[in-house]
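What's in entry-v7.cif: mmCIF, C-alpha atoms and all ligand atoms
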```
data_structure
loop_
_atom_site.label_atom_id
_atom_site.label_comp_id
_atom_site.auth_asym_id
_atom_site.auth_seq_id
_atom_site.Cartn_x
_atom_site.Cartn_y
_atom_site.Cartn_z
CA MET A 300 31.45 -8.09 5.27
CA LYS A 301 32.11 -5.09 3.09
CA PHE A 302 35.45 -3.38 2.54
CA PHE A 303 35.21 0.34 1.91
CA ILE A 304 38.37 2.27 1.04
CA ASP A 305 39.07 5.45 3.03
CA THR A 306 40.78 7.61 0.44
CA ALA A 307 40.28 10.19 -2.28
CA ASN A 308 43.16 8.81 -4.31
CA LEU A 309 42.11 7.36 -7.69
CA LYS A 310 45.12 5.04 -7.91
CA GLU A 311 44.31 3.48 -4.54
CA ILE A 312 40.66 3.05 -5.56
CA ASP A 313 41.76 1.33 -8.80
CA GLU A 314 44.12 -0.88 -6.79
CA ALA A 315 41.32 -1.94 -4.44
CA ARG A 316 39.14 -2.69 -7.47
CA SER A 317 41.82 -4.86 -9.09
CA LEU A 318 42.26 -6.71 -5.79
CA GLY A 319 38.50 -7.35 -5.77
CA MET A 320 38.18 -5.57 -2.42
CA LEU A 321 36.13 -2.50 -3.23
CA ASP A 322 32.61 -2.16 -1.86
CA GLY A 323 32.58 1.62 -1.53
CA VAL A 324 34.68 4.72 -0.88
CA THR A 325 34.74 7.20 1.99
CA THR A 326 36.55 10.52 1.96
CA ASN A 327 36.93 13.41 4.35
CA PRO A 328 38.22 16.99 3.94
CA SER A 329 41.76 15.98 4.99
CA LEU A 330 41.88 13.17 2.42
CA ILE A 331 40.51 15.30 -0.44
CA SER A 332 43.04 18.05 0.36
CA LYS A 333 45.87 15.58 -0.43
CA GLU A 334 44.76 15.31 -4.07
CA SER A 335 45.37 17.70 -7.01
CA VAL A 336 42.31 19.83 -6.29
CA PHE A 337 42.49 23.58 -5.86
CA ASN A 338 38.89 24.80 -6.01
CA GLN A 339 35.29 23.59 -5.78
CA LYS A 340 35.14 22.75 -9.51
CA ASP A 341 38.21 20.48 -9.17
CA ILE A 342 36.68 18.78 -6.15
CA GLN A 343 33.40 18.16 -7.98
CA LYS A 344 35.25 16.71 -10.97
CA HIS A 345 37.29 14.53 -8.63
CA TYR A 346 34.16 13.19 -6.90
CA ILE A 347 32.64 12.40 -10.30
CA SER A 348 35.81 10.49 -11.30
CA ILE A 349 35.50 8.42 -8.12
CA CYS A 350 31.79 7.76 -8.72
CA GLN A 351 32.48 6.63 -12.30
CA ARG A 352 34.69 3.88 -10.85
CA LEU A 353 31.88 2.52 -8.67
CA LYS A 354 29.47 -0.27 -9.58
CA ASN A 355 25.97 -1.40 -8.57
CA GLU A 356 25.29 -0.64 -4.89
CA GLU A 357 28.74 0.89 -4.21
CA ASN A 358 28.78 4.53 -3.13
CA LEU A 359 31.03 7.44 -2.18
CA SER A 360 30.71 9.32 1.12
CA ALA A 361 31.66 12.94 0.41
CA GLU A 362 31.83 15.27 3.39
CA ILE A 363 30.34 18.75 3.71
CA ILE A 364 32.50 21.56 5.13
CA SER A 365 29.82 23.97 6.38
CA THR A 366 28.64 23.99 9.98
CA ASP A 367 25.79 26.49 9.58
CA TYR A 368 22.46 24.64 9.04
CA ASN A 369 21.32 26.41 5.85
CA LYS A 370 24.76 26.12 4.29
CA MET A 371 24.94 22.44 5.26
CA ILE A 372 21.67 21.83 3.42
CA GLN A 373 22.86 23.76 0.37
CA GLU A 374 26.22 21.97 0.27
CA GLY A 375 24.64 18.56 0.85
CA GLU A 376 22.09 19.12 -1.91
CA GLU A 377 24.82 20.18 -4.32
CA LEU A 378 26.75 17.02 -3.51
CA SER A 379 23.74 14.76 -3.92
CA PHE A 380 22.81 16.38 -7.27
CA LEU A 381 26.40 15.93 -8.47
CA HIS A 382 26.10 12.15 -8.76
CA PRO A 383 23.52 9.56 -7.57
CA LYS A 384 26.29 7.51 -5.93
CA ILE A 385 27.16 10.28 -3.49
CA VAL A 386 26.26 9.80 0.18
CA VAL A 387 26.36 13.12 2.05
CA LYS A 388 28.79 12.83 4.95
CA ILE A 389 27.76 15.06 7.87
CA PRO A 390 29.47 15.63 11.24
CA ILE A 391 27.58 14.87 14.45
CA THR A 392 26.59 18.33 15.67
CA LYS A 393 23.22 19.86 16.54
CA ASN A 394 22.94 21.29 13.01
CA GLY A 395 24.32 18.04 11.62
CA ILE A 396 21.47 16.05 13.20
CA LYS A 397 18.91 18.51 11.81
CA ALA A 398 20.52 18.22 8.38
CA ILE A 399 20.48 14.41 8.54
CA LYS A 400 16.75 14.52 9.37
CA TYR A 401 16.18 16.89 6.43
CA PHE A 402 18.03 14.62 3.98
CA SER A 403 16.44 11.48 5.41
CA ASN A 404 12.98 12.97 4.72
CA LYS A 405 14.10 13.61 1.14
CA LYS A 406 15.44 10.02 0.82
CA ILE A 407 18.98 11.33 0.34
CA LYS A 408 21.56 9.01 1.90
CA THR A 409 23.78 10.33 4.70
CA ASN A 410 26.82 9.14 6.62
CA CYS A 411 27.09 10.66 10.11
CA THR A 412 30.76 11.10 10.87
CA LEU A 413 33.06 11.86 13.82
CA ILE A 414 31.19 9.41 16.06
CA PHE A 415 33.03 8.81 19.34
CA SER A 416 30.20 7.82 21.70
CA THR A 417 27.08 5.66 21.85
CA GLY A 418 24.97 8.74 22.59
CA GLN A 419 26.06 10.31 19.32
CA ALA A 420 25.31 7.07 17.47
CA ILE A 421 21.78 6.94 18.95
CA LEU A 422 21.02 10.50 17.83
CA ALA A 423 22.37 9.81 14.33
CA ALA A 424 20.16 6.73 13.97
CA LYS A 425 17.09 8.52 15.36
CA ALA A 426 17.63 11.30 12.81
CA GLY A 427 17.66 8.68 10.03
CA ALA A 428 21.34 8.47 9.04
CA SER A 429 21.98 5.75 6.46
CA TYR A 430 25.44 5.10 7.97
CA VAL A 431 27.36 6.02 11.12
CA SER A 432 31.13 6.27 11.15
CA PRO A 433 32.60 5.51 14.59
CA PHE A 434 36.33 6.34 14.64
CA LEU A 435 38.14 3.35 16.15
CA GLY A 436 41.77 4.38 15.76
CA ARG A 437 41.35 7.88 17.13
CA LEU A 438 39.69 6.45 20.26
CA ASP A 439 42.49 3.90 20.68
CA ASP A 440 44.97 6.80 20.30
CA ILE A 441 43.64 8.35 23.52
CA SER A 442 43.55 5.00 25.38
CA HIS A 443 39.83 4.39 24.93
CA ASN A 444 38.53 1.11 23.52
CA GLY A 445 37.27 1.79 20.00
CA LEU A 446 36.01 -1.76 19.53
CA ASN A 447 33.84 -1.53 22.66
CA LEU A 448 32.13 1.45 21.09
CA ILE A 449 31.40 -0.59 17.95
CA ARG A 450 29.98 -3.46 20.07
CA GLU A 451 27.74 -1.11 22.02
CA ILE A 452 26.42 0.67 18.95
CA LYS A 453 25.63 -2.68 17.28
CA ASN A 454 23.82 -3.86 20.39
CA ILE A 455 21.74 -0.68 20.69
CA TYR A 456 20.83 -0.64 16.99
CA GLU A 457 19.70 -4.26 17.22
CA ASN A 458 17.61 -3.53 20.34
CA TYR A 459 15.61 -0.93 18.44
CA HIS A 460 15.83 -2.30 14.90
CA PHE A 461 17.53 0.87 13.64
CA LYS A 462 18.31 0.58 9.93
CA THR A 463 21.47 2.74 10.18
CA LYS A 464 24.51 0.76 9.04
CA ILE A 465 27.76 0.76 11.01
CA LEU A 466 30.74 1.73 8.89
CA ALA A 467 33.77 1.49 11.20
CA ALA A 468 36.29 4.23 10.35
CA SER A 469 39.75 5.34 11.44
CA ILE A 470 40.97 1.78 10.91
CA ARG A 471 44.70 1.54 11.60
CA HIS A 472 45.68 -2.15 11.53
CA PRO A 473 44.43 -5.59 10.40
CA LEU A 474 43.13 -6.56 13.86
CA HIS A 475 40.63 -3.72 13.67
CA ILE A 476 39.15 -5.33 10.55
CA ILE A 477 39.23 -8.86 12.02
CA GLU A 478 37.59 -7.78 15.30
CA CYS A 479 34.93 -5.77 13.43
CA SER A 480 34.11 -8.84 11.37
CA LYS A 481 33.68 -10.88 14.60
CA ILE A 482 31.30 -8.24 15.94
CA GLY A 483 29.43 -8.49 12.64
CA ILE A 484 29.06 -4.89 11.53
CA TYR A 485 28.16 -3.85 7.98
CA ALA A 486 31.59 -2.59 6.84
CA THR A 487 34.97 -1.16 7.69
CA THR A 488 36.53 1.70 5.78
CA SER A 489 40.32 1.64 5.74
CA PRO A 490 43.40 2.65 3.78
CA ILE A 491 44.33 0.00 1.19
CA ASN A 492 47.55 -0.78 3.11
CA VAL A 493 45.55 -2.16 6.03
CA ILE A 494 43.79 -4.54 3.63
CA TYR A 495 47.17 -5.64 2.24
CA SER A 496 48.33 -6.28 5.84
CA LEU A 497 45.61 -8.94 6.14
CA LEU A 498 47.61 -10.96 3.59
CA ASN A 499 50.75 -11.21 5.69
CA HIS A 500 51.87 -14.34 7.52
CA PRO A 501 55.52 -15.45 7.91
CA LEU A 502 54.57 -19.14 7.52
CA THR A 503 52.99 -18.33 4.15
CA ASP A 504 56.26 -16.70 2.99
CA ILE A 505 58.38 -19.61 4.31
CA GLY A 506 56.00 -22.20 2.84
CA LEU A 507 55.88 -20.57 -0.58
CA ASP A 508 59.66 -20.19 -0.67
CA LYS A 509 60.10 -23.91 0.13
CA PHE A 510 57.52 -25.05 -2.45
CA ILE A 511 59.32 -23.08 -5.19
CA LYS A 512 62.81 -24.25 -4.13
CA ASP A 513 61.73 -27.93 -3.88
CA PHE A 514 60.14 -27.76 -7.31
CA HIS A 515 63.15 -26.14 -9.02
CA SER A 516 65.65 -28.47 -7.27
CA LYS A 517 64.07 -31.43 -9.13
CA ILE A 518 62.30 -30.07 -12.18
CA LYS A 519 64.25 -28.12 -14.75
O1 LIG B 601 37.35 9.09 7.11
C1 LIG B 601 37.32 9.12 8.50
C2 LIG B 601 38.36 8.30 9.20
O2 LIG B 601 38.48 7.04 8.62
C3 LIG B 601 39.66 8.99 9.43
O3 LIG B 601 40.68 8.10 9.82
O4 LIG B 601 43.06 7.57 10.24
O5 LIG B 601 42.36 9.97 9.98
O6 LIG B 601 41.75 8.70 12.01
P1 LIG B 601 42.04 8.62 10.55
#
```

Would you write the structure of this file as structure tokens?
Ligand code: G3P
Amino acid sequence: MKFFIDTANLKEIDEARSLGMLDGVTTNPSLISKESVFNQKDIQKHYISICQRLKNEENLSAEIISTDYNKMIQEGEELSFLHPKIVVKIPITKNGIKAIKYFSNKKIKTNCTLIFSTGQAILAAKAGASYVSPFLGRLDDISHNGLNLIREIKNIYENYHFKTKILAASIRHPLHIIECSKIGIYATTSPINVIYSLLNHPLTDIGLDKFIKDFHSKIK
């Protein structure tokens, strides 16, 4: 199972790398707006800095802002020319689907984002998206079952041998990651804190404390 980091923050990406838990990075316009970027040039430089931190098959999903088809194509092409590790992240709209088809024909990788239903996931796969990003946490927020969506998408993709990979997004807590790994999807993308939460267990803390105390009570 792959761990992508959902951030545009270089420190967090470096932290995930040093933890050995970095298989890729996803960003979105809200995340990039939290960084020290004030214009398109800054954003491009920032994306390049992220890409320079990535190895081998790892990649960065960078999202387009435009919603008009021609502008989506222009923006997506600019992103893909910026660095070979960039995957063009495109929202699931009518123009988004057309843009995904366009990039798929050109062998440019895409990540279809803002997926909240199986119907959307089917259209994204049919258009040739490399990845789909179903948003678990935001569905849970409105009392829907995000994990059921992931199960259904996996089932449908297997039925038809779609090559689109499922990259579960909007991950809020460790159980999201654990349940996704039971379902067997390609990857989750989460804030680094959720990965750290996987470490926690009170019996580990108690056990470690006792080991250290026992040792020091005898050995000076
Ligand atoms: O990058 C998309 C997604 O992961 C956003 O998550 O926490 O804003 O719902 P969140």

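For the atom pair formed by CA of Ile389 (chain A) and CA of Ile364 (chain A), the distance is 8.5 Å, given to one decimal.
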
(request) Would you kindly return, as a PyMOL selection string, each protein, DNA or RNA residue with an atom no farther than 10 Å from any atom of region 332-342 of chain A, considering all atoms listed in the file and excluding same-chain residues fewer than 6 positions away? (result) chain A and resi 306-309+348

Proximity check chain A to ligand LIG 601 (chain B), 6 Å, nearest pairs one decimal Å, all atoms listed in the file, as JSON lines:
```
{"residue": "A:Asp305", "atom": "CA", "partner": "B:LIG601", "partner_atom": "O1", "distance": 5.7}
{"residue": "A:Thr326", "atom": "CA", "partner": "B:LIG601", "partner_atom": "O1", "distance": 5.4}
{"residue": "A:Asn327", "atom": "CA", "partner": "B:LIG601", "partner_atom": "O1", "distance": 5.1}
{"residue": "A:Gly436", "atom": "CA", "partner": "B:LIG601", "partner_atom": "O6", "distance": 5.7}
{"residue": "A:Arg437", "atom": "CA", "partner": "B:LIG601", "partner_atom": "O6", "distance": 5.2}
{"residue": "A:Ala468", "atom": "CA", "partner": "B:LIG601", "partner_atom": "O2", "distance": 4.0}
{"residue": "A:Ser469", "atom": "CA", "partner": "B:LIG601", "partner_atom": "O3", "distance": 3.3}
```

(request) Rank nothing, just name the residue among A:Gln343, A:Asp439, A:Ile349, A:Thr392 nearest to Phe380 (chain A), using only C-alpha atoms. (result) A:Gln343

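Comparing A:Leu330, A:Ile421, A:Ala361, A:Val324 by their smallest distance to Ile452 (chain A), the closest is A:Ile421 (using all atoms listed in the file).
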
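The space between CA of Val387 (chain A) and CA of Gly375 (chain A) spans 5.8 Å.
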
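Proximity to Ser489 (chain A) was assessed for A:Ile304, A:Ile449, A:Leu321, A:Ile391 counting only C-alpha atoms; the smallest distance is recorded for A:Ile304.
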
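Here the question is which of A:Ala398, A:Leu466, A:Met371, A:Ile441 gets nearest to Ile414 (chain A) using only C-alpha atoms, and that residue is A:Leu466.
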
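Between CA of Ile363 (chain A) and CA of Ala424 (chain A) there is a distance of 18.8 Å.
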
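For Leu359 (chain A), the non-local neighbours within 6 Å, defined as residues at least 3 positions apart in the same chain or in other chains and counting all atoms listed in the file, are Val324, Thr325, Ile385 and Val386 of chain A.
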
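Among the candidates A:Ile455, A:Asn492, A:Pro473, A:Tyr368, the residue lying nearest to Leu422 (chain A) is A:Ile455 (atoms considered: all atoms listed in the file).
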
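If you measure from each of A:Ala315, A:Leu446, A:Val431, A:Leu507 to Phe302 (chain A) using only C-alpha atoms, the closest one turns out to be A:Ala315.
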
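Contact shell of Arg471 (chain A) at 12 Å (only C-alpha atoms; same-chain neighbours under 6 positions omitted): Asp305, Phe434, Leu435, Gly436, Arg437, Leu438, Asp439, Asp440, Gly445, Ile477, Thr487, Thr488, Ser489, Pro490, Ile491, Asn492, Val493, Ile494, Ser496 and Leu497 of chain A.
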
(request) Please provide the set of residues having any atom within 8 Å of Ala486 (chain A), restricted to all atoms listed in the file, with same-chain residues fewer than 5 positions apart removed, written as a ChimeraX atom specification. (result) /A:300-303,465-467

Quick one: axis-aligned box around all listed atoms of region 396-409 of chain A, 6 Å on every side, centre and edge lengths in Å to one decimal, written as AutoDock Vina command-line options.
```
--center_x 18.4 --center_y 13.8 --center_z 6.8 --size_x 22.8 --size_y 21.5 --size_z 24.9
```

(message) Which residues are near Ser403 (chain A)? Cut-off 10 Å, all atoms listed in the file, ignore same chain within fewer than 6 positions. Put them as a list in words.
(response) Lys397, Thr409, Ala426, Gly427, Ala428 and Ser429 of chain A
